[in-house]
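> Structure file structure_25.cif (mmCIF, C-alpha atoms) is given on the next line.
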```cif
data_structure
loop_
_atom_site.label_atom_id
_atom_site.label_comp_id
_atom_site.auth_asym_id
_atom_site.auth_seq_id
_atom_site.Cartn_x
_atom_site.Cartn_y
_atom_site.Cartn_z
CA MET A 26 -26.85 -20.77 17.23
CA ARG A 27 -27.79 -24.11 15.64
CA GLY A 28 -31.03 -23.80 13.66
CA CYS A 29 -30.87 -19.99 13.34
CA SER A 30 -31.14 -18.47 9.88
CA LEU A 31 -28.59 -15.99 8.58
CA SER A 32 -31.18 -13.22 8.81
CA VAL A 33 -31.80 -13.97 12.48
CA ILE A 34 -28.05 -14.05 13.18
CA ALA A 35 -27.65 -10.72 11.38
CA ALA A 36 -30.50 -9.23 13.42
CA LEU A 37 -28.90 -10.41 16.66
CA PHE A 38 -25.58 -8.86 15.59
CA VAL A 39 -27.30 -5.52 14.96
CA VAL A 40 -28.95 -5.61 18.38
CA ALA A 41 -25.61 -6.38 20.05
CA ALA A 42 -23.97 -3.51 18.19
CA MET A 43 -26.75 -1.14 19.23
CA GLU A 44 -26.36 -2.21 22.86
CA THR A 45 -22.60 -1.54 22.70
CA GLU A 46 -23.19 1.91 21.23
CA THR A 47 -25.81 2.67 23.88
CA ALA A 48 -23.43 1.65 26.66
CA LEU A 49 -20.75 3.98 25.28
CA ALA A 50 -23.09 6.85 24.37
CA GLY A 51 -22.59 9.83 26.64
CA ALA A 52 -19.14 8.74 27.80
CA PRO A 53 -16.45 11.36 27.17
CA ARG A 54 -13.82 10.69 24.52
CA PHE A 55 -10.21 11.55 25.30
CA VAL A 56 -7.12 12.37 23.24
CA GLU A 57 -3.92 11.29 24.95
CA GLN A 58 -0.92 13.60 25.20
CA ILE A 59 2.40 12.47 26.68
CA ILE A 60 3.71 15.21 28.96
CA ASP A 61 6.82 13.34 30.10
CA PRO A 62 7.78 9.87 28.81
CA GLN A 63 10.13 9.24 31.75
CA ILE A 64 10.02 11.51 34.76
CA GLY A 65 12.50 9.43 36.77
CA THR A 66 12.25 6.15 38.64
CA VAL A 67 8.62 6.85 39.56
CA CYS A 68 6.05 9.63 39.34
CA TYR A 69 4.73 9.85 42.88
CA ALA A 70 2.31 12.76 42.54
CA VAL A 71 0.75 15.13 40.04
CA ASN A 72 -0.92 18.47 40.65
CA ARG A 73 -2.18 21.63 38.97
CA ALA A 74 -1.06 25.21 39.67
CA ASP A 75 -0.44 28.49 37.85
CA VAL A 76 3.29 28.51 38.58
CA ASN A 77 4.33 31.46 36.40
CA GLY A 78 1.27 33.61 37.08
CA ASP A 79 0.11 33.87 33.46
CA GLY A 80 -3.43 32.77 34.29
CA LYS A 81 -3.02 29.33 32.70
CA PRO A 82 -2.99 26.09 34.71
CA ASP A 83 0.40 24.38 34.61
CA ILE A 84 1.16 20.73 35.34
CA VAL A 85 3.22 19.87 38.42
CA ALA A 86 4.78 16.44 38.96
CA VAL A 87 6.98 14.88 41.64
CA SER A 88 9.56 12.14 41.12
CA GLU A 89 11.68 10.41 43.73
CA ASN A 90 14.23 13.26 43.77
CA ARG A 91 12.77 16.12 41.75
CA VAL A 92 9.92 18.59 41.57
CA GLN A 93 9.15 19.81 38.07
CA TRP A 94 6.44 21.80 36.36
CA TYR A 95 5.32 21.81 32.76
CA GLU A 96 4.42 25.20 31.34
CA ALA A 97 1.08 25.59 29.58
CA PRO A 98 0.19 25.43 26.78
CA LEU A 99 3.23 23.70 25.21
CA TRP A 100 4.15 21.87 28.44
CA ASN A 101 7.82 22.86 28.47
CA LYS A 102 9.54 21.21 31.44
CA HIS A 103 11.16 23.16 34.30
CA VAL A 104 13.02 21.33 37.08
CA ILE A 105 12.77 23.47 40.22
CA LEU A 106 14.04 21.03 42.85
CA GLU A 107 16.56 18.22 42.47
CA ASN A 108 18.31 16.23 45.21
CA GLN A 109 17.59 18.99 47.72
CA ALA A 110 15.20 17.10 50.02
CA ASP A 111 15.05 13.61 51.47
CA LEU A 112 14.33 10.69 49.15
CA ASP A 113 11.63 9.82 48.23
CA HIS A 114 9.38 12.81 47.43
CA VAL A 115 5.82 11.56 47.81
CA CYS A 116 3.30 14.42 47.94
CA ILE A 117 2.99 18.09 47.04
CA ALA A 118 0.44 20.85 47.70
CA PRO A 119 0.37 24.30 46.04
CA HIS A 120 -0.37 27.48 48.00
CA ASP A 121 0.91 31.06 48.29
CA ILE A 122 2.55 30.35 51.63
CA ASP A 123 4.48 33.60 52.12
CA GLY A 124 1.77 35.88 50.75
CA ASP A 125 3.81 37.40 47.91
CA GLY A 126 1.19 36.61 45.27
CA GLN A 127 3.12 33.70 43.77
CA ILE A 128 2.53 29.98 44.17
CA ASP A 129 4.77 28.07 46.59
CA PHE A 130 4.66 24.35 47.35
CA ALA A 131 4.58 22.22 50.46
CA LEU A 132 6.43 18.94 49.91
CA GLY A 133 6.42 15.62 51.73
CA ALA A 134 9.54 13.46 51.48
CA GLY A 135 11.59 10.73 53.10
CA TRP A 136 8.55 8.56 53.66
CA ILE A 137 9.91 5.28 52.34
CA LYS A 138 12.52 4.55 55.03
CA ALA A 139 11.68 3.32 58.52
CA ASN A 140 11.18 6.07 61.10
CA THR A 141 11.83 8.90 58.63
CA GLY A 142 9.70 11.55 56.99
CA SER A 143 10.02 15.27 56.39
CA ILE A 144 7.61 18.14 55.74
CA GLN A 145 8.98 21.22 54.01
CA TRP A 146 7.98 24.06 51.73
CA ILE A 147 9.89 25.47 48.78
CA THR A 148 10.32 29.00 47.41
CA ARG A 149 11.47 30.16 43.99
CA GLY A 150 14.83 31.72 43.25
CA LYS A 151 15.55 35.23 41.98
CA ASN A 152 15.81 34.07 38.38
CA PRO A 153 13.31 31.82 36.57
CA ASP A 154 15.94 29.13 35.93
CA ASP A 155 17.22 29.01 39.52
CA LYS A 156 16.50 25.96 41.66
CA TRP A 157 14.04 26.65 44.46
CA SER A 158 15.00 26.76 48.16
CA VAL A 159 13.86 24.26 50.79
CA HIS A 160 12.53 25.32 54.22
CA LEU A 161 11.91 22.59 56.78
CA ILE A 162 8.56 22.64 58.59
CA ALA A 163 8.74 19.45 60.67
CA LEU A 164 9.84 15.83 60.77
CA GLU A 165 7.06 13.26 60.87
CA LYS A 166 7.43 9.54 60.27
CA SER A 167 6.07 8.26 56.92
CA THR A 168 4.60 11.59 55.81
CA HIS A 169 2.42 10.52 52.90
CA ARG A 170 -0.36 12.97 51.87
CA MET A 171 -0.92 16.69 52.32
CA SER A 172 -3.39 19.45 51.42
CA PHE A 173 -4.25 23.02 52.36
CA ALA A 174 -7.61 23.52 54.08
CA ASP A 175 -9.01 25.60 56.95
CA VAL A 176 -9.90 22.70 59.24
CA LEU A 177 -9.29 24.82 62.37
CA GLY A 178 -11.81 27.47 61.36
CA THR A 179 -9.37 30.39 61.60
CA GLY A 180 -10.19 31.90 58.22
CA GLN A 181 -6.80 30.87 56.83
CA PRO A 182 -5.88 27.44 55.43
CA GLN A 183 -3.60 25.08 57.32
CA LEU A 184 -1.28 22.47 55.87
CA VAL A 185 -2.98 19.17 56.72
CA VAL A 186 -0.64 16.16 56.71
CA SER A 187 -1.60 12.50 56.99
CA PRO A 188 1.32 10.09 57.56
CA LEU A 189 0.89 6.52 56.40
CA ASN A 190 1.90 4.65 59.54
CA ARG A 191 1.73 4.86 63.32
CA SER A 192 3.83 7.27 65.36
CA VAL A 193 7.49 6.59 66.04
CA ASP A 194 6.87 5.43 69.61
CA GLY A 195 4.23 2.97 68.39
CA LYS A 196 1.95 3.89 71.29
CA SER A 197 -0.58 5.78 69.19
CA GLY A 198 -1.99 5.62 65.69
CA VAL A 199 -1.32 7.90 62.76
CA ARG A 200 -0.99 11.54 63.80
CA LEU A 201 -3.22 13.59 61.49
CA LEU A 202 -1.72 17.09 61.78
CA ALA A 203 -2.80 20.62 60.80
CA PHE A 204 0.09 23.10 60.60
CA SER A 205 -0.77 26.80 60.80
CA ILE A 206 1.25 29.09 58.53
CA PRO A 207 3.25 31.50 60.73
CA ALA A 208 3.68 35.22 60.02
CA ALA A 209 7.27 34.61 58.90
CA PRO A 210 7.09 31.09 57.43
CA LYS A 211 10.80 30.90 56.59
CA THR A 212 11.98 31.56 60.13
CA ASP A 213 9.07 31.11 62.56
CA ARG A 214 8.03 27.75 63.93
CA TRP A 215 5.02 26.11 62.28
CA LEU A 216 2.71 25.23 65.18
CA PHE A 217 0.38 22.29 64.66
CA LYS A 218 -2.85 20.87 65.99
CA GLU A 219 -3.36 17.13 66.20
CA LEU A 220 -6.70 16.21 64.65
CA ASP A 221 -6.57 12.50 65.46
CA GLU A 222 -4.17 9.74 66.53
CA THR A 223 -6.37 6.64 66.62
CA LEU A 224 -6.18 5.31 63.05
CA ASN A 225 -3.77 2.93 61.33
CA ARG A 226 -2.45 2.93 57.76
CA VAL A 227 -4.05 6.23 56.70
CA HIS A 228 -3.49 6.28 52.95
CA ASN A 229 -5.33 9.49 52.03
CA HIS A 230 -7.76 12.16 53.18
CA LEU A 231 -10.14 14.78 51.79
CA HIS A 232 -11.83 17.93 53.05
CA THR A 233 -15.54 18.72 52.79
CA ASP A 234 -18.32 20.44 54.71
CA TRP A 235 -20.00 17.13 55.56
CA ASP A 236 -22.79 18.44 57.80
CA GLY A 237 -23.43 21.74 56.02
CA ASP A 238 -22.45 23.98 58.93
CA GLY A 239 -20.08 26.09 56.85
CA LYS A 240 -16.95 24.50 58.33
CA LEU A 241 -14.53 22.13 56.63
CA ASP A 242 -14.31 18.59 57.97
CA THR A 243 -11.79 15.86 57.13
CA ILE A 244 -12.57 12.37 55.85
CA THR A 245 -9.89 9.68 55.95
CA ALA A 246 -9.35 6.35 54.20
CA SER A 247 -7.55 3.96 56.53
CA GLU A 248 -7.30 0.42 57.77
CA GLU A 249 -10.42 1.10 59.84
CA GLY A 250 -12.45 2.16 56.79
CA VAL A 251 -13.90 5.62 56.15
CA SER A 252 -13.83 8.08 59.05
CA LEU A 253 -15.13 11.62 59.53
CA ILE A 254 -13.13 14.01 61.73
CA GLN A 255 -14.89 17.20 62.87
CA LYS A 256 -13.87 20.10 65.07
CA GLN A 257 -16.00 20.43 68.19
CA GLY A 258 -14.91 23.33 70.36
CA GLU A 259 -11.18 22.95 70.90
CA SER A 260 -11.14 19.20 70.26
CA PHE A 261 -11.98 16.87 67.39
CA LYS A 262 -14.50 14.05 67.11
CA LEU A 263 -14.11 10.94 64.93
CA THR A 264 -17.18 9.22 63.46
CA ARG A 265 -17.00 6.02 61.41
CA LEU A 266 -18.86 6.52 58.13
CA GLY A 267 -18.02 3.32 56.31
CA THR A 268 -16.63 -0.11 57.02
CA GLY A 269 -14.12 -0.48 54.20
CA ALA A 270 -13.17 -3.89 52.82
CA PRO A 271 -13.85 -6.64 55.39
CA SER A 272 -10.98 -8.96 56.39
CA ASP A 273 -9.31 -10.54 59.40
CA LYS A 274 -5.95 -9.44 57.99
CA PRO A 275 -5.05 -5.75 58.57
CA GLU A 276 -3.46 -5.37 55.14
CA LEU A 277 -6.65 -6.59 53.42
CA ARG A 278 -9.24 -4.47 55.22
CA GLY A 279 -10.31 -0.86 55.19
CA ALA A 280 -9.84 1.75 52.47
CA GLY A 281 -6.92 3.40 50.72
CA GLU A 282 -8.17 6.26 48.52
CA ILE A 283 -11.24 8.47 48.85
CA LYS A 284 -13.16 11.28 47.12
CA GLN A 285 -16.66 12.74 47.43
CA GLY A 286 -19.04 13.15 44.50
CA LYS A 287 -22.57 14.26 43.68
CA LEU A 288 -25.53 12.28 42.40
CA LYS A 289 -28.79 13.45 40.85
CA ARG A 290 -31.31 15.41 42.91
CA GLY A 291 -28.73 16.59 45.42
CA GLY A 292 -27.51 13.19 46.56
CA ARG A 293 -23.86 12.57 47.39
CA PHE A 294 -21.52 9.63 47.54
CA LEU A 295 -18.03 8.68 48.62
CA ALA A 296 -15.84 6.68 46.25
CA THR A 297 -12.96 4.57 47.55
CA VAL A 298 -10.26 2.16 46.48
CA GLU A 299 -10.30 -0.78 48.90
CA PRO A 300 -8.28 -1.92 50.71
CA MET A 301 -5.07 0.12 50.55
CA HIS A 302 -3.43 -0.71 47.18
CA GLY A 303 -6.48 -2.88 46.65
CA THR A 304 -8.64 -4.58 44.05
CA SER A 305 -12.02 -2.96 44.65
CA VAL A 306 -13.84 0.28 43.98
CA ALA A 307 -16.62 0.93 46.48
CA VAL A 308 -19.32 3.58 46.53
CA TYR A 309 -20.85 4.77 49.82
CA THR A 310 -24.32 6.30 49.85
CA ALA A 311 -26.89 7.12 52.52
CA SER A 312 -28.56 4.04 54.01
CA SER A 313 -32.34 3.70 53.76
CA ASP A 314 -32.82 4.57 57.43
CA GLY A 315 -30.33 7.45 57.32
CA LYS A 316 -28.13 5.86 59.96
CA LEU A 317 -24.46 4.99 59.92
CA PRO A 318 -22.57 3.20 58.54
CA LEU A 319 -23.25 4.34 54.99
CA LYS A 320 -24.37 1.76 52.46
CA ARG A 321 -21.39 0.18 50.71
CA THR A 322 -21.66 -0.97 47.09
CA VAL A 323 -18.69 -2.59 45.32
CA ILE A 324 -18.70 -1.59 41.64
CA GLU A 325 -15.31 -3.07 40.60
CA ASP A 326 -13.27 -5.93 42.02
CA ALA A 327 -10.72 -6.88 39.36
CA MET A 328 -7.95 -4.32 39.80
CA LYS A 329 -4.51 -4.79 41.26
CA GLN A 330 -2.75 -2.04 43.21
CA GLY A 331 -5.54 0.51 42.95
CA HIS A 332 -3.95 3.86 43.72
CA ALA A 333 -5.97 6.82 42.45
CA VAL A 334 -9.54 8.09 42.66
CA TRP A 335 -11.19 11.35 41.63
CA THR A 336 -14.78 12.50 41.21
CA ALA A 337 -15.97 15.10 38.69
CA ASP A 338 -18.66 15.72 36.09
CA LEU A 339 -16.66 14.95 32.96
CA ASP A 340 -19.64 14.40 30.65
CA GLU A 341 -21.49 17.55 31.82
CA ASP A 342 -24.70 15.77 32.78
CA GLY A 343 -24.89 17.20 36.30
CA VAL A 344 -23.69 13.97 37.93
CA ASP A 345 -20.11 13.18 38.96
CA GLU A 346 -18.24 10.28 37.43
CA ILE A 347 -15.58 8.28 39.28
CA LEU A 348 -12.05 8.25 37.87
CA ILE A 349 -10.03 5.22 38.96
CA GLY A 350 -6.41 4.28 38.33
CA HIS A 351 -4.40 1.19 39.20
CA ARG A 352 -0.72 0.42 38.80
CA GLU A 353 -0.53 -3.33 38.04
CA ALA A 354 -2.40 -5.61 35.64
CA GLY A 355 -5.65 -6.85 37.13
CA THR A 356 -7.71 -10.00 36.76
CA GLY A 357 -10.66 -8.83 34.64
CA ASN A 358 -11.23 -8.76 30.89
CA ILE A 359 -9.72 -5.28 30.86
CA LYS A 360 -6.52 -5.93 32.74
CA GLY A 361 -4.72 -2.60 32.65
CA PRO A 362 -2.93 -1.15 34.46
CA GLY A 363 -4.65 2.05 33.52
CA LEU A 364 -7.43 4.56 33.95
CA TYR A 365 -11.18 4.01 33.93
CA LEU A 366 -14.27 6.15 34.28
CA PHE A 367 -17.39 4.91 36.07
CA SER A 368 -20.70 6.67 35.40
CA ALA A 369 -23.85 6.24 37.48
CA ASP A 370 -26.73 4.41 35.81
CA ASP A 371 -29.27 5.28 38.47
CA GLU A 372 -30.08 8.13 40.82
CA ALA A 373 -29.17 6.11 43.92
CA GLY A 374 -25.58 5.47 42.87
CA GLU A 375 -25.95 1.69 43.10
CA ARG A 376 -25.34 0.78 39.42
CA TRP A 377 -22.38 2.05 37.41
CA SER A 378 -20.97 1.59 33.89
CA LYS A 379 -17.24 1.33 33.22
CA HIS A 380 -15.48 3.19 30.41
CA VAL A 381 -11.81 2.72 29.53
CA ILE A 382 -9.54 5.77 29.21
CA ASP A 383 -6.18 3.95 29.13
CA ASN A 384 -5.65 0.19 29.18
CA GLY A 385 -2.01 -0.72 29.75
CA GLY A 386 -0.39 2.61 28.90
CA ILE A 387 0.16 3.93 32.40
CA ALA A 388 0.66 2.29 35.81
CA VAL A 389 -1.30 4.93 37.68
CA GLU A 390 0.19 6.21 40.92
CA ASP A 391 -1.75 9.48 41.03
CA ALA A 392 -4.42 11.25 38.96
CA LEU A 393 -6.61 14.33 39.02
CA VAL A 394 -9.26 16.10 36.97
CA ALA A 395 -9.14 19.75 35.80
CA ASP A 396 -9.59 21.87 32.67
CA PHE A 397 -6.05 22.14 31.34
CA ASN A 398 -6.62 23.70 27.91
CA GLY A 399 -9.32 26.23 28.76
CA ASP A 400 -12.05 24.76 26.55
CA GLY A 401 -14.49 24.37 29.43
CA LYS A 402 -14.24 20.58 29.50
CA LEU A 403 -12.60 18.65 32.33
CA ASP A 404 -9.46 16.74 31.41
CA VAL A 405 -7.54 13.98 33.19
CA LEU A 406 -3.91 14.13 34.35
CA ALA A 407 -2.10 11.00 35.53
CA GLY A 408 1.37 9.94 36.65
CA GLY A 409 2.78 6.43 36.38
CA ARG A 410 4.80 4.32 38.77
CA ALA A 411 6.32 1.40 36.84
CA THR A 412 5.71 3.22 33.54
CA ARG A 413 7.45 6.35 34.91
CA ASN A 414 5.39 8.64 32.67
CA VAL A 415 3.06 11.63 32.92
CA LYS A 416 0.05 11.76 30.60
CA LEU A 417 -2.70 14.28 29.91
CA TYR A 418 -6.02 13.07 28.51
CA LEU A 419 -7.89 15.91 26.81
CA ASN A 420 -11.68 15.68 26.96
CA GLN A 421 -13.26 15.78 23.50
CA GLY A 422 -16.84 15.69 24.72
CA SER A 423 -19.31 12.85 24.85
CA ALA A 424 -19.65 10.25 22.12
CA LYS A 425 -22.89 10.45 20.19
#
```
Could you take the file, read its structure, and then write that structure out as structure tokens?


Amino acid sequence: MRGCSLSVIAALFVVAAMETETALAGAPRFVEQIIDPQIGTVCYAVNRADVNGDGKPDIVAVSENRVQWYEAPLWNKHVILENQADLDHVCIAPHDIDGDGQIDFALGAGWIKANTGSIQWITRGKNPDDKWSVHLIALEKSTHRMSFADVLGTGQPQLVVSPLNRSVDGKSGVRLLAFSIPAAPKTDRWLFKELDETLNRVHNHLHTDWDGDGKLDTITASEEGVSLIQKQGESFKLTRLGTGAPSDKPELRGAGEIKQGKLKRGGRFLATVEPMHGTSVAVYTASSDGKLPLKRTVIEDAMKQGHAVWTADLDEDGVDEILIGHREAGTGNIKGPGLYLFSADDEAGERWSKHVIDNGGIAVEDALVADFNGDGKLDVLAGGRATRNVKLYLNQGSAK
């Protein structure tokens, strides 16, 4: 600033400060709470469920060999499964499977070894301190993600499972499966419907009524990009919605994580981490001509090992933000690993601002958004891989 007076320099400093405040204004502030400083070798998954039926949301977390829940509001830890299923536990989904009015869990395990993978569900013991019992549903290579959703249109949710890799015989792609809950789930066979077997490296999926017909569809993030799978009669149709990261190398193309969010004036978007375990965050919105593929906009490209995405309206402005977590230090000014929030700066979802929730304190393997303390504000829960921790970030409202 050669030739500038002190008054001019001071004025420029004030302007810069005002711009910084403006950029941060409206972004939620969070207070960090450590739920578990060391869950085990790795925290593979986190979830939310009212485990003890007291009407309060509890925290559920999965390590390589345990399932544990943390009782609200003091977050006392209860280990309900330990060394009772295949290593490593990788995913969990809550649901009242046997219809007794209490939450059960489906659990995916054994995914890390070649040609192994197990799907099971667990039930509680007679006494609160008893370990839970394991009931095998099926064996499926590299079982990786699961959720409950009525994708078959029966009026009852199925357990939808997406393995990571191709089938054991190698002749088909990943078998996306929907298991119907039998009348006697402990003893009866869980019959399944195959939704698709054409994709490779399916890292995650979501459920949404994409076309507004009142039926749940499934959207996958895979090596092929973003795909929509819809029930048509007794079969299923796959439609490619988005391209994913472009590359000649399979491990560097496609998408790895996916969620759907809402924009202003009724618009919607898909948010992804690309490719699998990738560096980029991409947003997909409707193209100008309304045709497919959707328009892809990269809003972040400095992460390493991106591994979590969620969409929710954390600042209560009627528009969803994008929560992103990655598990290794990146290449940008804010290296992480950690958690960030991206908020839309326009109605089209093409420009986004980045806000830091945690920079370096957690190597995010999984994350979700929910109101954990009942104050009406959405909080953030995350589990760490290399950091081996579970953290809750309580929403304090937007900065003024």

> On this structure, which residues satisfy the PyMOL selection byres ((chain A and resi 288-298) around 7), written as a ChimeraX atom specification?

/A:280-287,299-301,303,305-310,331,334,344-345,372,374

> Using only C-alpha atoms, pick whichever of A:Gly350, A:Gly237, A:Gly409, A:Gly142 has the shortest atom-to-atom distance to A:His169.

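So, comparing all the options, the nearest one is A:Gly142.
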
> Take the PyMOL selection byres ((chain A and resi 62) around 10), apply it to the structure above, and return the hits as a list in words.

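Selection result, ordered by chain and number: Ile59, Ile60, Asp61, Gln63, Ile64, Gly65, Gly409, Thr412, Arg413, Asn414, Val415 and Lys416 of chain A.
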
> With the file shown as input, list the residues that the PyMOL selection byres ((chain A and resi 204-219) around 10) selects, as a PyMOL selection string.

chain A and resi 122-124+146-148+159-163+173+175-177+179+181-186+200-203+220-222+259-261

> Identify, on the basis of only C-alpha atoms, every residue whose closest approach to A:Arg352 does not exceed 12 Å; exclude the query and any residue fewer than 4 positions from it along the same chain; express the result as a PyMOL selection string.

chain A and resi 67-69+302-304+328-333+360-364+383-392+407-414

> Could you jot down the atom CA of A:Arg54 to atom CA of A:Gly357 separation for me, Å, one decimal place?

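So the answer is 22.2 Å.
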
> At what distance in Å, to one decimal, does atom CA of A:Phe397 lie from atom CA of A:Ser423?

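Computed distance, atom CA of A:Ser423 to atom CA of A:Phe397, equals 17.4 Å.
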
> Between atom CA of A:Gln257 and atom CA of A:His230, measure the distance and give it in Å to one decimal.

19.0 Å

> May I have the residues within 7 Å of A:Leu393 as number ranges by chain, using all atoms listed in the file and disregarding those fewer than 5 positions away in the same chain?

A: 335, 405-407

> For A:Asp83, work out the shell of residues within 8 Å, counting all atoms listed in the file and skipping chain neighbours fewer than 6 positions away, then give it as a ChimeraX atom specification.

/A:73-76,94-98,100,397

> Next, write the just-selected residues to a file, as a JSON list (two decimals), in the coordinates of the input, keeping C-alpha atoms as the atom set.


```
[["chain", "number", "residue", "atom", "x", "y", "z"],
["A", 73, "ARG", "CA", -2.18, 21.63, 38.97],
["A", 74, "ALA", "CA", -1.06, 25.21, 39.67],
["A", 75, "ASP", "CA", -0.44, 28.49, 37.85],
["A", 76, "VAL", "CA", 3.29, 28.51, 38.58],
["A", 94, "TRP", "CA", 6.44, 21.80, 36.36],
["A", 95, "TYR", "CA", 5.32, 21.81, 32.76],
["A", 96, "GLU", "CA", 4.42, 25.20, 31.34],
["A", 97, "ALA", "CA", 1.08, 25.59, 29.58],
["A", 98, "PRO", "CA", 0.19, 25.43, 26.78],
["A", 100, "TRP", "CA", 4.15, 21.87, 28.44],
["A", 397, "PHE", "CA", -6.05, 22.14, 31.34]]
```

> Which of these residues is nearest to A:Asp400, using only C-alpha atoms: A:Leu99, A:Gln421, A:His380, A:Pro153?

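Ranked by minimum distance to A:Asp400, first place goes to A:Gln421.
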
> Can you pull out the residues contacting A:Ala118? Cut-off 8 Å, using all atoms listed in the file, and skip same-chain residues under 5 positions away; I want them as a PyMOL selection string.

chain A and resi 72+130-132+171-173

> Using all atoms listed in the file, can you tell me which of A:Asn77, A:Gln109, A:Glu375, A:Lys274 comes closest to A:Asp129?

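Looking at the shortest contact to A:Asp129, the residue is A:Asn77.
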
> Return the single residue from A:Lys240, A:Arg191, A:Lys138, A:Lys102 that is closest to A:Thr223, with distances computed using all atoms listed in the file.

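Nearest candidate to A:Thr223 out of A:Lys240, A:Arg191, A:Lys138, A:Lys102: A:Arg191.
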
> Of the candidates A:Ala110, A:Val251, A:Ala134, A:Leu339, which shows the shortest atom-to-atom distance to A:Pro188, using all atoms listed in the file?

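Selected residue with least distance to A:Pro188: A:Ala134.
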
> Just the residues within 10 Å of A:Trp235, please, counting all atoms listed in the file, with nothing from its chain fewer than 6 positions along; format it as a PDB file with C-alpha atoms, in the frame of the given file.


```
ATOM      1  CA  LEU A 241     -14.530  22.130  56.630  1.00  0.00           C
ATOM      2  CA  ASP A 242     -14.310  18.590  57.970  1.00  0.00           C
ATOM      3  CA  THR A 243     -11.790  15.860  57.130  1.00  0.00           C
ATOM      4  CA  ILE A 244     -12.570  12.370  55.850  1.00  0.00           C
ATOM      5  CA  LEU A 253     -15.130  11.620  59.530  1.00  0.00           C
ATOM      6  CA  ILE A 254     -13.130  14.010  61.730  1.00  0.00           C
ATOM      7  CA  GLN A 255     -14.890  17.200  62.870  1.00  0.00           C
ATOM      8  CA  GLN A 285     -16.660  12.740  47.430  1.00  0.00           C
TER       9      GLN A 285
END
```

> Rank nothing, just name the residue among A:Arg376, A:Arg149, A:Lys320, A:Arg226 nearest to A:Gln127, using all atoms listed in the file.

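Looking at the shortest contact to A:Gln127, the residue is A:Arg149.
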
> Mind listing as a VMD selection string all residues within 10 Å of (-18.8, 7.5, 62.5), counting only C-alpha atoms?

chain A and resid 251 to 254 262 to 268 316 to 319
